[in-house]
$ cat data.txt   # compact mmCIF, C-alpha atoms and all ligand atoms
# COMPACT_ATOMS: atom_id res chain seq x y z
CA THR H 22 161.50 111.09 108.70
CA ALA H 23 164.94 112.68 109.00
CA PRO H 24 167.44 110.71 111.09
CA PHE H 25 167.72 111.81 114.72
CA ASP H 26 169.87 114.91 115.08
CA ILE H 27 170.45 116.26 118.55
CA GLN H 28 170.92 119.91 117.52
CA THR H 29 167.68 119.92 115.51
CA ILE H 30 165.86 118.43 118.49
CA ARG H 31 167.37 120.87 120.99
CA ALA H 32 166.30 123.77 118.81
CA GLN H 33 162.72 122.68 119.54
CA PHE H 34 163.16 122.97 123.32
CA PRO H 35 163.56 126.55 124.60
CA ALA H 36 164.10 125.29 128.16
CA VAL H 37 167.37 123.54 127.30
CA GLN H 38 168.69 126.42 125.25
CA GLN H 39 168.73 129.17 127.81
CA ASP H 40 171.97 131.10 127.58
CA SER H 41 173.37 131.55 131.00
CA ASP H 42 176.66 131.26 132.84
CA HIS H 43 175.18 128.44 134.86
CA PRO H 44 173.19 126.20 132.55
CA ILE H 45 171.10 123.57 134.26
CA VAL H 46 171.78 119.99 133.30
CA TYR H 47 168.28 118.53 133.46
CA LEU H 48 168.34 114.83 134.26
CA ASP H 49 164.88 114.58 135.76
CA SER H 50 162.71 114.04 132.71
CA ALA H 51 160.97 111.09 134.37
CA ALA H 52 159.53 113.56 136.90
CA THR H 53 158.35 115.75 134.07
CA ALA H 54 159.76 116.42 130.62
CA GLN H 55 160.64 119.78 129.05
CA LYS H 56 158.30 121.01 126.34
CA PRO H 57 158.74 121.42 122.57
CA LEU H 58 157.85 124.61 120.71
CA ALA H 59 154.96 122.88 118.96
CA MET H 60 153.19 122.50 122.29
CA ILE H 61 154.16 125.91 123.71
CA GLN H 62 153.00 127.71 120.58
CA THR H 63 149.68 125.90 120.57
CA LEU H 64 149.02 126.93 124.18
CA ASP H 65 150.09 130.50 123.45
CA HIS H 66 147.89 130.67 120.38
CA TYR H 67 144.90 129.28 122.25
CA TYR H 68 145.15 131.78 125.11
CA ARG H 69 145.97 134.76 122.89
CA GLY H 70 143.06 133.93 120.61
CA GLN H 71 139.48 133.76 121.67
CA SER H 72 138.71 131.15 124.24
CA ALA H 73 135.57 129.09 123.95
CA ASN H 74 134.17 125.99 125.53
CA VAL H 75 133.74 122.69 123.72
CA HIS H 76 130.63 120.60 123.17
CA ARG H 77 128.45 123.47 124.36
CA GLY H 78 126.61 126.15 122.47
CA SER H 79 126.26 126.47 118.76
CA HIS H 80 128.44 129.43 117.80
CA GLN H 81 131.31 129.07 115.37
CA LEU H 82 134.05 129.42 117.94
CA THR H 83 132.86 126.49 119.96
CA ALA H 84 132.19 124.45 116.84
CA SER H 85 135.71 124.80 115.48
CA LEU H 86 137.27 124.25 118.89
CA THR H 87 135.13 121.17 119.47
CA GLN H 88 136.38 119.82 116.17
CA ARG H 89 140.01 120.35 117.19
CA PHE H 90 139.31 118.84 120.57
CA GLU H 91 137.88 115.70 118.98
CA GLN H 92 140.66 115.59 116.38
CA ALA H 93 143.09 115.47 119.30
CA ARG H 94 141.32 112.37 120.55
CA GLU H 95 141.81 110.86 117.11
CA THR H 96 145.50 111.82 117.27
CA VAL H 97 145.87 109.88 120.53
CA ARG H 98 143.93 106.97 119.06
CA GLN H 99 146.43 106.77 116.22
CA PHE H 100 149.41 107.30 118.52
CA ILE H 101 148.55 104.19 120.57
CA HIS H 102 146.69 102.40 117.78
CA ALA H 103 143.38 102.06 119.61
CA ARG H 104 140.42 100.77 117.60
CA SER H 105 138.13 103.73 118.15
CA PRO H 106 138.35 107.30 119.48
CA LYS H 107 135.56 106.27 121.88
CA GLU H 108 138.24 104.29 123.71
CA ILE H 109 140.22 107.44 124.53
CA ILE H 110 139.10 109.24 127.70
CA TRP H 111 140.74 112.50 128.82
CA THR H 112 141.72 112.61 132.45
CA ARG H 113 143.90 114.84 134.63
CA GLY H 114 146.74 112.33 134.47
CA ALA H 115 147.72 108.70 134.88
CA THR H 116 146.73 108.93 138.54
CA GLU H 117 143.18 110.03 137.81
CA ALA H 118 142.86 107.42 135.06
CA LEU H 119 143.81 104.64 137.49
CA ASN H 120 141.37 105.95 140.09
CA LEU H 121 138.65 106.07 137.46
CA ILE H 122 139.19 102.40 136.59
CA ALA H 123 139.20 101.46 140.27
CA GLN H 124 136.06 103.43 141.12
CA THR H 125 134.04 102.38 138.09
CA PHE H 126 135.15 99.07 136.59
CA ALA H 127 136.54 97.59 139.79
CA ARG H 128 133.99 98.95 142.21
CA SER H 129 131.07 97.74 140.13
CA THR H 130 132.44 94.26 139.43
CA LEU H 131 134.52 93.12 142.42
CA GLN H 132 132.99 90.72 144.92
CA PRO H 133 134.24 89.83 148.40
CA GLY H 134 137.09 87.36 148.02
CA ASP H 135 138.06 88.53 144.52
CA GLU H 136 141.72 89.36 144.10
CA ILE H 137 143.65 92.22 142.54
CA LEU H 138 147.21 91.21 141.72
CA VAL H 139 149.44 94.27 142.02
CA SER H 140 153.15 94.28 141.33
CA GLU H 141 155.55 95.38 144.03
CA LEU H 142 157.38 97.82 141.79
CA GLU H 143 154.39 100.04 141.12
CA HIS H 144 154.14 103.77 141.56
CA HIS H 145 151.76 104.59 144.43
CA ALA H 146 149.21 105.64 141.79
CA ASN H 147 148.90 102.00 140.76
CA ILE H 148 148.67 100.66 144.32
CA VAL H 149 146.57 102.97 146.47
CA PRO H 150 143.45 103.09 144.22
CA TRP H 151 143.35 99.26 144.40
CA GLN H 152 143.64 99.31 148.18
CA ILE H 153 140.79 101.80 148.38
CA VAL H 154 138.47 99.77 146.15
CA ALA H 155 139.45 96.54 147.91
CA GLU H 156 138.32 98.12 151.18
CA GLN H 157 135.06 99.21 149.55
CA THR H 158 134.22 95.83 147.99
CA GLY H 159 135.76 93.19 150.24
CA ALA H 160 138.24 92.23 147.54
CA LYS H 161 141.87 91.57 148.39
CA VAL H 162 145.06 93.13 147.05
CA VAL H 163 147.66 90.42 146.43
CA LYS H 164 151.30 91.40 146.05
CA LEU H 165 153.24 90.25 143.02
CA PRO H 166 156.82 90.36 144.31
CA MET H 167 159.87 91.49 142.43
CA LEU H 168 163.34 89.97 142.46
CA PRO H 169 166.43 91.84 143.71
CA ASP H 170 167.31 92.77 140.10
CA CYS H 171 164.01 94.69 139.85
CA THR H 172 162.40 92.23 137.48
CA LEU H 173 159.07 90.68 138.44
CA ASP H 174 159.07 87.23 139.99
CA MET H 175 157.31 85.48 137.12
CA ALA H 176 157.16 82.15 138.94
CA ALA H 177 155.19 83.91 141.69
CA PHE H 178 153.07 85.61 139.03
CA HIS H 179 151.94 82.31 137.58
CA GLN H 180 151.33 80.96 141.10
CA ARG H 181 149.36 83.94 142.37
CA LEU H 182 147.33 84.37 139.21
CA THR H 183 144.32 82.20 139.99
CA ALA H 184 140.63 81.92 139.20
CA ARG H 185 140.07 84.47 142.01
CA THR H 186 142.21 87.09 140.24
CA ARG H 187 139.94 89.66 138.60
CA ILE H 188 142.47 92.40 137.90
CA VAL H 189 146.23 92.51 137.32
CA ALA H 190 147.84 95.94 137.75
CA VAL H 191 151.33 96.41 136.36
CA ALA H 192 153.62 99.13 135.07
CA HIS H 193 154.82 98.95 131.48
CA VAL H 194 158.17 100.38 132.62
CA THR H 195 159.06 101.27 136.23
CA ASN H 196 159.86 104.87 136.97
CA VAL H 197 162.50 103.85 139.53
CA SER H 198 164.86 101.44 137.78
CA GLY H 199 163.71 101.77 134.18
CA THR H 200 162.98 98.04 134.00
CA ARG H 201 160.45 97.01 131.36
CA ASN H 202 157.98 94.41 132.56
CA PRO H 203 156.88 91.49 130.34
CA VAL H 204 153.37 92.93 130.02
CA GLU H 205 152.51 90.96 126.87
CA THR H 206 153.19 87.62 128.59
CA MET H 207 151.30 88.74 131.67
CA ILE H 208 148.29 89.86 129.64
CA LYS H 209 148.08 86.52 127.82
CA ALA H 210 148.28 84.57 131.07
CA ALA H 211 145.76 86.84 132.83
CA HIS H 212 143.26 86.59 129.99
CA ALA H 213 143.55 82.80 130.08
CA LYS H 214 142.36 83.01 133.72
CA GLY H 215 139.60 85.50 132.94
CA ALA H 216 141.32 88.50 134.57
CA ILE H 217 141.71 91.91 132.99
CA VAL H 218 145.00 93.81 132.95
CA VAL H 219 145.57 97.47 133.75
CA VAL H 220 148.88 98.68 132.35
CA ASP H 221 150.35 101.85 133.81
CA GLY H 222 152.09 103.32 130.79
CA ALA H 223 153.18 106.62 132.38
CA GLN H 224 156.86 105.72 131.93
CA GLY H 225 156.63 103.11 129.18
CA ILE H 226 155.02 105.27 126.52
CA VAL H 227 157.94 107.66 126.74
CA HIS H 228 160.31 104.99 125.47
CA GLU H 229 158.55 102.95 122.84
CA ALA H 230 155.78 103.04 120.28
CA VAL H 231 152.73 101.60 122.00
CA ASP H 232 150.16 99.50 120.16
CA VAL H 233 147.37 98.76 122.62
CA GLN H 234 145.72 96.28 120.29
CA ALA H 235 148.90 94.28 119.73
CA MET H 236 149.62 94.41 123.46
CA ASP H 237 145.98 93.46 124.14
CA ALA H 238 145.91 95.59 127.31
CA ASP H 239 142.40 96.02 128.69
CA PHE H 240 143.32 99.44 130.07
CA TYR H 241 146.42 101.53 129.35
CA VAL H 242 146.96 104.87 131.09
CA PHE H 243 149.50 107.66 130.79
CA SER H 244 150.17 111.32 131.55
CA GLY H 245 150.83 114.09 129.06
CA HIS H 246 153.52 115.88 131.03
CA LYS H 247 156.02 113.01 130.96
CA LEU H 248 155.58 112.75 127.20
CA PHE H 249 156.61 116.38 126.50
CA GLY H 250 153.00 117.51 126.77
CA PRO H 251 151.09 119.75 129.19
CA SER H 252 150.59 118.94 132.86
CA GLY H 253 147.09 118.31 134.16
CA LEU H 254 146.21 116.06 131.25
CA GLY H 255 146.25 112.30 130.96
CA VAL H 256 144.73 109.53 128.92
CA LEU H 257 142.71 106.51 129.85
CA TYR H 258 142.55 103.93 127.10
CA GLY H 259 140.06 101.13 127.67
CA LYS H 260 138.57 98.48 125.44
CA GLN H 261 135.23 99.77 124.25
CA ALA H 262 133.15 96.89 125.60
CA LEU H 263 134.64 97.38 129.08
CA LEU H 264 134.15 101.16 129.03
CA GLU H 265 130.58 100.77 127.85
CA ALA H 266 129.74 98.41 130.70
CA MET H 267 131.30 100.69 133.33
CA PRO H 268 129.17 103.15 135.29
CA PRO H 269 130.17 106.82 135.16
CA TRP H 270 132.34 108.24 137.93
CA HIS H 271 132.11 112.05 138.11
CA GLY H 272 128.71 113.53 137.46
CA GLY H 273 128.05 116.91 135.87
CA GLY H 274 127.70 118.68 132.59
CA LYS H 275 128.46 116.99 129.28
CA MET H 276 128.20 113.44 130.61
CA VAL H 277 124.41 113.44 130.39
CA GLU H 278 121.71 113.18 127.75
CA LYS H 279 118.84 114.30 129.97
CA VAL H 280 118.67 115.29 133.62
CA SER H 281 115.50 115.41 135.62
CA PHE H 282 114.58 114.89 139.26
CA ASP H 283 113.05 111.59 138.19
CA GLY H 284 116.43 110.34 137.06
CA THR H 285 119.28 111.08 134.71
CA GLN H 286 120.21 109.52 131.43
CA PHE H 287 123.94 109.37 130.76
CA THR H 288 125.55 109.99 127.43
CA GLY H 289 127.66 107.37 125.63
CA LEU H 290 131.42 107.11 125.20
CA PRO H 291 133.63 108.98 125.57
CA GLY H 292 131.57 111.82 127.12
CA LYS H 293 130.19 109.57 129.88
CA PHE H 294 133.55 109.81 131.68
CA GLU H 295 134.25 113.47 130.95
CA ALA H 296 132.05 115.52 133.25
CA GLY H 297 132.67 119.26 133.33
CA THR H 298 134.72 121.61 131.20
CA PRO H 299 137.80 119.69 130.15
CA ASN H 300 141.41 120.83 129.89
CA ILE H 301 140.78 122.26 126.42
CA SER H 302 144.11 124.01 125.96
CA GLY H 303 145.94 120.96 127.29
CA VAL H 304 144.16 118.61 124.93
CA ILE H 305 144.91 120.58 121.77
CA ALA H 306 148.47 121.30 122.90
CA PHE H 307 149.00 117.62 123.62
CA ALA H 308 147.84 116.76 120.10
CA ALA H 309 150.44 119.22 118.78
CA THR H 310 153.06 117.49 120.92
CA LEU H 311 152.13 114.09 119.55
CA HIS H 312 152.19 115.35 115.95
CA TRP H 313 155.66 116.69 116.58
CA LEU H 314 156.76 113.47 118.27
CA SER H 315 155.41 111.41 115.38
CA SER H 316 157.40 113.53 112.93
CA ILE H 317 160.79 112.71 114.45
CA ASP H 318 162.93 109.58 114.38
CA ARG H 319 161.80 108.10 117.71
CA PRO H 320 163.88 104.88 117.49
CA GLY H 321 166.92 107.07 116.74
CA ALA H 322 166.07 109.28 119.72
CA GLU H 323 165.73 106.28 122.01
CA ALA H 324 169.08 104.87 120.80
CA HIS H 325 170.67 108.27 121.57
CA ILE H 326 169.17 108.26 125.07
CA GLN H 327 170.25 104.70 125.80
CA HIS H 328 173.75 105.61 124.66
CA LEU H 329 173.76 108.50 127.16
CA CYS H 330 172.54 106.16 129.86
CA GLN H 331 175.33 103.65 129.21
CA LEU H 332 177.89 106.45 129.05
CA ALA H 333 176.71 107.80 132.40
CA ILE H 334 176.87 104.38 134.05
CA LYS H 335 180.37 103.81 132.69
CA GLY H 336 181.46 107.19 134.00
CA ILE H 337 180.31 106.62 137.57
CA GLU H 338 180.69 102.90 138.21
CA ASP H 339 184.23 103.27 139.60
CA ILE H 340 182.93 105.42 142.50
CA GLU H 341 183.49 103.55 145.74
CA GLY H 342 180.30 102.07 147.15
CA LEU H 343 178.19 102.98 144.12
CA ARG H 344 175.47 100.51 143.18
CA ILE H 345 173.18 100.67 140.19
CA ILE H 346 169.72 99.47 141.21
CA GLY H 347 168.40 96.55 139.22
CA GLN H 348 169.50 95.18 135.91
CA GLN H 349 171.34 97.24 133.34
CA PRO H 350 168.44 99.37 132.27
CA ASP H 351 166.83 98.88 128.92
CA THR H 352 165.33 102.34 128.96
CA SER H 353 166.62 105.82 129.53
CA LEU H 354 166.71 106.02 133.29
CA PHE H 355 168.41 104.32 136.17
CA SER H 356 168.68 104.59 139.91
CA PHE H 357 171.76 104.28 142.07
CA VAL H 358 172.91 104.60 145.65
CA VAL H 359 176.33 105.21 147.13
CA ASP H 360 176.79 103.11 150.24
CA GLY H 361 177.56 105.22 153.29
CA ILE H 362 176.35 108.51 151.78
CA HIS H 363 172.75 109.74 152.06
CA HIS H 364 171.08 110.21 148.66
CA GLN H 365 169.78 113.63 149.64
CA ASP H 366 173.27 114.91 150.49
CA ILE H 367 174.50 113.87 147.05
CA ALA H 368 171.48 115.45 145.36
CA THR H 369 172.12 118.73 147.19
CA LEU H 370 175.74 118.85 146.08
CA LEU H 371 174.78 117.98 142.51
CA ASP H 372 172.12 120.67 142.55
CA GLN H 373 174.72 123.22 143.66
CA GLN H 374 176.73 122.23 140.59
CA GLY H 375 173.73 122.73 138.31
CA VAL H 376 172.87 119.05 137.89
CA THR H 377 169.19 118.37 138.49
CA LEU H 378 168.06 114.88 139.29
CA ARG H 379 165.65 113.17 141.61
CA ALA H 380 166.52 111.88 145.05
CA GLY H 381 163.97 110.04 147.16
CA ASN H 382 161.54 107.18 147.06
CA HIS H 383 159.99 108.03 143.66
CA CYS H 384 156.45 107.38 144.99
CA ALA H 385 157.27 103.68 145.20
CA HIS H 386 157.59 102.83 148.90
CA PRO H 387 156.94 99.08 148.47
CA MET H 388 159.64 98.78 145.79
CA LEU H 389 162.14 100.69 147.93
CA ASP H 390 161.22 98.54 150.95
CA ALA H 391 161.82 95.39 148.90
CA LEU H 392 165.25 96.74 147.98
CA GLY H 393 165.94 97.60 151.62
CA LEU H 394 166.42 101.26 150.72
CA THR H 395 164.84 104.52 151.86
CA GLY H 396 165.73 106.33 148.68
CA THR H 397 167.82 106.37 145.54
CA LEU H 398 169.19 108.91 143.13
CA ARG H 399 167.50 108.66 139.78
CA VAL H 400 169.01 109.85 136.53
CA SER H 401 166.54 110.14 133.68
CA PHE H 402 167.51 111.27 130.21
CA ALA H 403 165.38 112.58 127.40
CA LEU H 404 166.01 113.18 123.72
CA TYR H 405 167.30 116.72 124.34
CA ASN H 406 170.15 115.62 126.62
CA THR H 407 173.71 115.55 125.32
CA GLU H 408 177.05 113.88 125.96
CA GLU H 409 178.10 117.17 127.61
CA ASP H 410 175.24 116.73 130.08
CA VAL H 411 176.60 113.28 130.89
CA ALA H 412 180.13 114.66 131.35
CA CYS H 413 178.84 117.39 133.72
CA PHE H 414 176.90 114.82 135.73
CA VAL H 415 179.86 112.41 135.95
CA ALA H 416 182.26 115.16 137.06
CA ALA H 417 179.75 116.59 139.55
CA LEU H 418 179.05 113.20 141.10
CA HIS H 419 182.76 112.43 141.50
CA LYS H 420 183.24 115.79 143.16
CA ALA H 421 180.25 115.31 145.47
CA CYS H 422 181.36 111.84 146.57
CA ASP H 423 184.93 113.10 147.17
CA LEU H 424 183.55 115.84 149.41
CA LEU H 425 181.15 113.66 151.39
N1 LIG T 1 152.96 105.69 137.18
C1 LIG T 1 154.25 105.86 136.89
C2 LIG T 1 155.08 104.70 136.47
C3 LIG T 1 154.79 107.15 136.97
O1 LIG T 1 156.08 107.34 136.67
C4 LIG T 1 153.97 108.23 137.35
C5 LIG T 1 154.52 109.63 137.46
N2 LIG T 1 155.77 109.74 138.00
C6 LIG T 1 152.63 107.98 137.65
C7 LIG T 1 152.16 106.69 137.55
C8 LIG T 1 151.69 109.06 138.08
O2 LIG T 1 151.55 109.99 137.07
P1 LIG T 1 150.87 111.42 137.35
O3 LIG T 1 151.47 111.94 138.61
O4 LIG T 1 151.25 112.22 136.16
O5 LIG T 1 149.41 111.18 137.45
$ encode --input "data.txt" --output "structure tokens"
Amino acid sequence: TAPFDIQTIRAQFPAVQQDSDHPIVYLDSAATAQKPLAMIQTLDHYYRGQSANVHRGSHQLTASLTQRFEQARETVRQFIHARSPKEIIWTRGATEALNLIAQTFARSTLQPGDEILVSELEHHANIVPWQIVAEQTGAKVVKLPMLPDCTLDMAAFHQRLTARTRIVAVAHVTNVSGTRNPVETMIKAAHAKGAIVVVDGAQGIVHEAVDVQAMDADFYVFSGHKLFGPSGLGVLYGKQALLEAMPPWHGGGKMVEKVSFDGTQFTGLPGKFEAGTPNISGVIAFAATLHWLSSIDRPGAEAHIQHLCQLAIKGIEDIEGLRIIGQQPDTSLFSFVVDGIHHQDIATLLDQQGVTLRAGNHCAHPMLDALGLTGTLRVSFALYNTEEDVACFVAALHKACDLL
């Protein structure tokens, strides 16, 4: 692997190369990342060529596409070091994967009085599905609080993790403050109490090589679009024994062996959870993305991004009333507020200067409530950002705060 080189990387991303008098400085990669040529070309090739369905029919087109589709599953298996491709389920995104776990695993196993321990810093996608299934089963959602520095209250974790806890739901990395949670410690402790752990990896997998076996997560979910892949595609990883014991969720084609009015026999993994025509183009384009990502110096890229993050913080910390939310981030994103100025006003002025970032609650109302905030500004870098991007952002923010 060649050492990380920003110009080589940027050459792979048409979106950051557009020549214009007003280039956009894109600092919102945690909302969705820009896409590399490898993925764009795969999509283009698929739609220009002859389309076919997968796992249906016997003609050559469908056979070769089915093979690529299943190879993509194997690519994801390797990328997260799962034991078997049967443990990789395609979904529409992290959100759908979490809902699938809630409506199959949780709904079929939870009893009244059982508890689901959910951290306070979760994205709504890792809160609401648990509330819905708690309502359906009589189980209870228990809050795992966070501390003012956006780390989890681990003393409370050990207290609230009891014999009643069946499920622990936690983000690998928060999408608001960039804080990494001690998921390995939590998984060990949860397993010792007989609970299973659902790790929301939507943000975490962007920043580090994930090994689901080493982590020992029972479920690990993520979305393609935040990892430079297509939108509308996500991954549910689950331990095979758990997935096998779970009932199917969506019913339809491909998830069955035999259908009759006397009853239906479901197919095995992974098809059991993949009813209907899947996102074929997305799956093969995502595999191309992952091949590309595996070919670059990811630790070098992450070091570059963290350097940009530190540089940005240094450049803005002298602004009066500015507060960085949480600890110094150990990933590539951070949130801040400027006391006395509404986040949306700042975002608007930054946008007018060509700097794109996210202002709002980041789909994490409970976390924002705990911080006593209604919104933050979030800066999220990716491997295609440059020191010039940081300089533009720093200058634009100073100008905006001077004006407001
Ligand atoms: N969890 C986290 C931590 C996220 O950052 C996101 C996306 N912002 C999600 C879940 C939901 O992902 P999606 O909308 O792609 O399903």
$ residues_near_ligand --input "data.txt" --ligand "ligand LIG 1 (chain T)" --cutoff "6 Å" --atoms "all atoms listed in the file" --output "list in words"
Ala52, Gly114, Ala115, Thr116, His144, Ala146, Ala192, Thr195, Asn196, Asp221, Ala223, Gln224 and Ser244 of chain H
$ closest_atom_pairs --input "data.txt" --of "segment 62-176 of chain H" --to "segment 262-276 of chain H" --cutoff "10 Å" --atoms "all atoms listed in the file" --output "tab-separated table"
residue	atom	partner	partner_atom	distance
H:Val75	CA	H:Lys275	CA	9.6
H:His76	CA	H:Lys275	CA	7.4
H:Arg77	CA	H:Lys275	CA	8.1
H:Lys107	CA	H:Leu264	CA	8.9
H:Glu108	CA	H:Leu264	CA	7.4
H:Ile109	CA	H:Leu264	CA	9.8
H:Ile110	CA	H:Leu264	CA	9.6
H:Asn120	CA	H:Trp270	CA	9.6
H:Leu121	CA	H:Trp270	CA	6.7
H:Ile122	CA	H:Met267	CA	8.7
H:Ala123	CA	H:Trp270	CA	9.9
H:Gln124	CA	H:Trp270	CA	6.9
H:Thr125	CA	H:Pro268	CA	5.7
H:Phe126	CA	H:Met267	CA	5.3
H:Ala127	CA	H:Met267	CA	8.9
H:Arg128	CA	H:Pro268	CA	9.4
H:Ser129	CA	H:Met267	CA	7.4
H:Thr130	CA	H:Met267	CA	8.9
$ write_last_selection --input "data.txt" --atoms "C-alpha atoms" --output "compact mmCIF listing (two decimals), in the coordinates of the input"
# COMPACT_ATOMS: atom_id res chain seq x y z
CA VAL H 75 133.74 122.69 123.72
CA HIS H 76 130.63 120.60 123.17
CA ARG H 77 128.45 123.47 124.36
CA LYS H 107 135.56 106.27 121.88
CA GLU H 108 138.24 104.29 123.71
CA ILE H 109 140.22 107.44 124.53
CA ILE H 110 139.10 109.24 127.70
CA ASN H 120 141.37 105.95 140.09
CA LEU H 121 138.65 106.07 137.46
CA ILE H 122 139.19 102.40 136.59
CA ALA H 123 139.20 101.46 140.27
CA GLN H 124 136.06 103.43 141.12
CA THR H 125 134.04 102.38 138.09
CA PHE H 126 135.15 99.07 136.59
CA ALA H 127 136.54 97.59 139.79
CA ARG H 128 133.99 98.95 142.21
CA SER H 129 131.07 97.74 140.13
CA THR H 130 132.44 94.26 139.43
$ residues_around --input "data.txt" --residues "segment 91-97 of chain H" --least-positions-apart "3" --cutoff "9 Å" --atoms "only C-alpha atoms" --output "number ranges by chain"
H: 86-88, 100-103, 105-107, 109-111, 256, 304-309, 311-312
$ residues_near_point --input "data.txt" --point "(155.4, 100.2, 132.5)" --cutoff "12 Å" --atoms "only C-alpha atoms" --output "JSON, numbers by chain"
{"H": [115, 140, 142, 143, 144, 147, 172, 173, 190, 191, 192, 193, 194, 195, 196, 197, 198, 199, 200, 201, 202, 203, 204, 205, 219, 220, 221, 222, 223, 224, 225, 226, 227, 228, 229, 231, 238, 241, 242, 243, 352]}
$ residues_around --input "data.txt" --residues "Ala391 of chain H" --least-positions-apart "3" --cutoff "9 Å" --atoms "only C-alpha atoms" --output "list in words"
Glu141, Leu142, Pro166, Met167, Leu168, Pro169, His386, Pro387, Met388 and Leu394 of chain H
$ atom_distance --input "data.txt" --atom1 "atom CA of Tyr67 of chain H" --atom2 "atom CA of Gln55 of chain H"
19.6 Å
$ atom_distance --input "data.txt" --atom1 "atom CA of Phe357 of chain H" --atom2 "atom CA of Lys335 of chain H"
12.7 Å
$ closest_residue --input "data.txt" --among "H:Gly381, H:Leu182, H:Met175, H:Leu48" --to "Leu329 of chain H" --atoms "only C-alpha atoms"
H:Leu48
$ atom_distance --input "data.txt" --atom1 "atom CA of Val411 of chain H" --atom2 "atom CA of Leu332 of chain H"
7.2 Å
$ closest_residue --input "data.txt" --among "H:Val233, H:Ala333, H:Ala155, H:Ile61" --to "Pro35 of chain H" --atoms "all atoms listed in the file"
H:Ile61
